Each structure stands twice: as C-alpha cells, then as structure tokens.
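Student: Below are the structure tokens for one structure; questions will follow.
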Amino acid sequence: MRHPVAAPPIPERIRTLAATATPTHVSVTGTDIPACPARGGVDTAGRPVLLVKPGEFLYGTATETLVTVDLVATRDLGGVQRPRGLLKVQGWTQDVPGEEARETAVAIAERCPDDDLLAALDGGTPKLLRLDIGRVIYLTGQESGLLDAGDYLASAPDPFLDTAERLIRHVNEAHREQLVQSMGRLTGENADDAWLWELDRYGATVRMRANELVRLPWPVPLPTRTAFEQAVTCLVCPH
C-alpha cells in the first residue's frame, strides 16, 4: 500500500518560504559592525535583494562583500503576525545589473512594496544589491538545517504558491468556522484555535492551540491548480 508523501523536499520547502519572506537585518561577516535593519525582498531566483541608500554602511562598500541577510516569513492570524520561519542567507553582495533592475524591482515589490524601489529605477540615489548565495541556514517550526547554494538555487518554490497564499488568506478571513468544525471532526479534539498555516501540492498544515502544527497530506501530490483548489475546498467544507 502506498502512503501519501507528507511534505515537499526540503530545498523546495525553503525556496517556498523564502519567496514569502522579508529581509529584516544584514550583517557583514568578519567585522564588528552590528547587524543593521534591511529593506528589499527576494527575487524570482530566490536571492535576497537589498535596497540601500546613501549613509547606510553597504552603500559605499565594494561589491563581493560577505554578508548574512536574515529573511523572516510570517503569517497574519487575525491581525497578529506569527513567525513561520527564519532563513539566514550568507553570500557576497553584487550590484543588480542595469538591464535586470526593473524586472528585479517589480518582482520584490509584489510582496515587499517600497516607494524607494521606484526611486532606484528612476536614477535616484538608492541602489539594489543582490546576494551571490553561498549557503542558507533555515529554522522553521518543523525543522532546521543548512542548504548549500547549489541545492537551494536548483530548486523552485511550490508551483501553486500564489494560489496557496490567496486561499490561506481567504479561508482564515472568511471560512474559519468551517475550518474549526472540519479540524474538530478530523482530530476528535477541540479545534477552536485552528488556523490554516501552509498549503502546498503535497498537503496542508493547520496551526492548532499552543503552536501545534498538524500536517494533513493529500493522497497524491496534486498535479493542477484546479485539483489543488478542490482539495482545499474538501478540507475546509467536507461533504
């Protein structure tokens, strides 16, 4: 008897997490400079992109500076931001090439909007730096470890990432009562504090009381967006 695959491969899982994460701090390796707040986002290749302005310590440094960028992914649960994972991405800074600047800015603005992104593209003083990644250290609610650049960059986020994020917001905002009832039937326990936490082609994760995460794998990895949406509907509103 075949058992369902419970979760995506770790590189895919971390790429998916990175795609929804925001840079919070950056530090320069081998110096006494304290970690500083960071702005920017993550490009379509999974690389952190930093938006830096004159006066900030990275603005005047040479490219190929070894840094660590902290990426934090959160989930809004009833107006409260709950941490989903921390990624520490280590690598070397490099200027975003001019011919790639607009595409890069648009990609990160979709998740991390910032007025200075437009200023950087219009010839203003802010500039965009991205990381030539060396390794990624990850810490989530379920696991921790390290990925080298090859494994991380060779992977891709879950193919239904955008649909998943839309469905999670919709269920948590409009259908929590149905989710609570469904999880109560599935677990046989009080599920009043249930929230939809993560969705991917392999299954769903529900956050229960006391930060407990319950993983519910689909019978098979879902091949299409339609099948994905139907599976979520069946989870929330079983017949």
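If you're wondering about the labels, chains in the structure tokens are A, B, ... by order shown, residues count from 1 in each chain, ligands from 1 in order shown.
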Applying 7 Å and only C-alpha atoms, which residues near segment 198-215 of chain A remain after dropping the ones on its own chain fewer than 5 positions away? List them as a list in words.
Tutor: Val5, Ala6, Ala7, Pro8, Asp158, Phe160, Leu161, Ala164, Ala191, Asp193, Val220, Pro221, Leu222 and Phe228 of chain A
Student: Please produce a file of the residues just selected, as a PDB file, in the first residue's frame, where the atoms kept are C-alpha atoms.
Tutor:
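Listed below is the output, again34.pdb:
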ATOM      1  CA  VAL A   5       4.084  11.976   0.672  1.00  0.00           C
ATOM      2  CA  ALA A   6       3.667  14.197   3.697  1.00  0.00           C
ATOM      3  CA  ALA A   7       5.755  17.216   2.713  1.00  0.00           C
ATOM      4  CA  PRO A   8       7.768  18.758  -0.115  1.00  0.00           C
ATOM      5  CA  ASP A 158       5.851  25.214  -4.797  1.00  0.00           C
ATOM      6  CA  PHE A 160       0.894  26.707  -6.511  1.00  0.00           C
ATOM      7  CA  LEU A 161       2.472  29.243  -4.148  1.00  0.00           C
ATOM      8  CA  ALA A 164      -1.930  28.870  -1.795  1.00  0.00           C
ATOM      9  CA  ALA A 191     -10.165  22.937  17.371  1.00  0.00           C
ATOM     10  CA  ASP A 193      -7.925  27.884  17.715  1.00  0.00           C
ATOM     11  CA  VAL A 220      -1.104  12.146  -4.007  1.00  0.00           C
ATOM     12  CA  PRO A 221       0.828  15.296  -4.959  1.00  0.00           C
ATOM     13  CA  LEU A 222      -1.670  17.485  -6.766  1.00  0.00           C
ATOM     14  CA  PHE A 228      -5.341  21.980  -5.617  1.00  0.00           C
TER      15      PHE A 228
END
Student: Tell me, as number ranges by chain, which residues lie within 9 Å of segment 179-190 of chain A, counting only C-alpha atoms; anything in the same chain fewer than 4 positions away does not count.
Tutor: A: 171-172, 175, 194-196, 206, 235-238
Student: Per residue of segment 129-201 of chain A within 7 Å of segment 90-107 of chain A, note the shortest atom pair and the distance in Å to one decimal, counting only C-alpha atoms, and order the rows by chain and increasing residue number, as a Markdown table.
Tutor:
| residue | atom | partner | partner_atom | distance |
| --- | --- | --- | --- | --- |
| A:Leu129 | CA | A:Asp95 | CA | 4.7 |
| A:Arg130 | CA | A:Gln94 | CA | 5.5 |
| A:Leu131 | CA | A:Thr93 | CA | 4.8 |
| A:Asp132 | CA | A:Trp92 | CA | 5.0 |
| A:Ile133 | CA | A:Gly91 | CA | 4.2 |
| A:Gly134 | CA | A:Gly91 | CA | 4.7 |
| A:Arg135 | CA | A:Gln90 | CA | 5.5 |
| A:Val136 | CA | A:Gln90 | CA | 6.3 |
Student: Got time to write the residues from that selection, C-alpha atoms, as a tab-separated table (two decimals), in the first residue's frame?
Tutor:
chain	number	residue	atom	x	y	z
A	129	LEU	CA	22.28	44.84	-4.23
A	130	ARG	CA	21.64	41.11	-4.50
A	131	LEU	CA	23.41	38.16	-2.95
A	132	ASP	CA	25.58	35.64	-4.72
A	133	ILE	CA	24.48	32.92	-2.31
A	134	GLY	CA	26.94	30.67	-0.53
A	135	ARG	CA	24.60	28.82	1.84
A	136	VAL	CA	21.23	29.08	3.57
Student: Determine which residues of segment 27-108 of chain A DSSP labels as alpha helix (DSSP H) from the backbone of this structure, then write them out as an mmCIF file with N, CA and C atoms, in the first residue's frame.
Tutor:
data_model
loop_
_atom_site.group_PDB
_atom_site.id
_atom_site.type_symbol
_atom_site.label_atom_id
_atom_site.label_comp_id
_atom_site.auth_asym_id
_atom_site.auth_seq_id
_atom_site.Cartn_x
_atom_site.Cartn_y
_atom_site.Cartn_z
ATOM 1 N N GLY A 98 22.016 46.686 -14.620
ATOM 2 C CA GLY A 98 21.019 47.659 -15.044
ATOM 3 C C GLY A 98 19.898 47.071 -15.862
ATOM 4 N N GLU A 99 20.233 46.103 -16.740
ATOM 5 C CA GLU A 99 19.198 45.525 -17.596
ATOM 6 C C GLU A 99 18.248 44.607 -16.826
ATOM 7 N N GLU A 100 18.621 44.249 -15.592
ATOM 8 C CA GLU A 100 17.762 43.392 -14.777
ATOM 9 C C GLU A 100 17.076 44.155 -13.653
ATOM 10 N N ALA A 101 17.375 45.440 -13.520
ATOM 11 C CA ALA A 101 16.907 46.196 -12.360
ATOM 12 C C ALA A 101 15.386 46.307 -12.314
ATOM 13 N N ARG A 102 14.769 46.627 -13.445
ATOM 14 C CA ARG A 102 13.311 46.814 -13.432
ATOM 15 C C ARG A 102 12.598 45.499 -13.116
ATOM 16 N N GLU A 103 13.000 44.420 -13.772
ATOM 17 C CA GLU A 103 12.369 43.119 -13.508
ATOM 18 C C GLU A 103 12.555 42.713 -12.050
ATOM 19 N N THR A 104 13.745 42.968 -11.503
ATOM 20 C CA THR A 104 14.011 42.630 -10.104
ATOM 21 C C THR A 104 13.150 43.457 -9.166
ATOM 22 N N ALA A 105 13.071 44.759 -9.430
ATOM 23 C CA ALA A 105 12.281 45.641 -8.569
ATOM 24 C C ALA A 105 10.812 45.264 -8.591
ATOM 25 N N VAL A 106 10.288 44.944 -9.768
ATOM 26 C CA VAL A 106 8.877 44.547 -9.875
ATOM 27 C C VAL A 106 8.629 43.261 -9.094
ATOM 28 N N ALA A 107 9.558 42.307 -9.199
ATOM 29 C CA ALA A 107 9.390 41.021 -8.515
ATOM 30 C C ALA A 107 9.326 41.195 -7.005
ATOM 31 N N ILE A 108 10.202 42.026 -6.454
ATOM 32 C CA ILE A 108 10.207 42.156 -4.989
ATOM 33 C C ILE A 108 9.102 43.108 -4.518
#
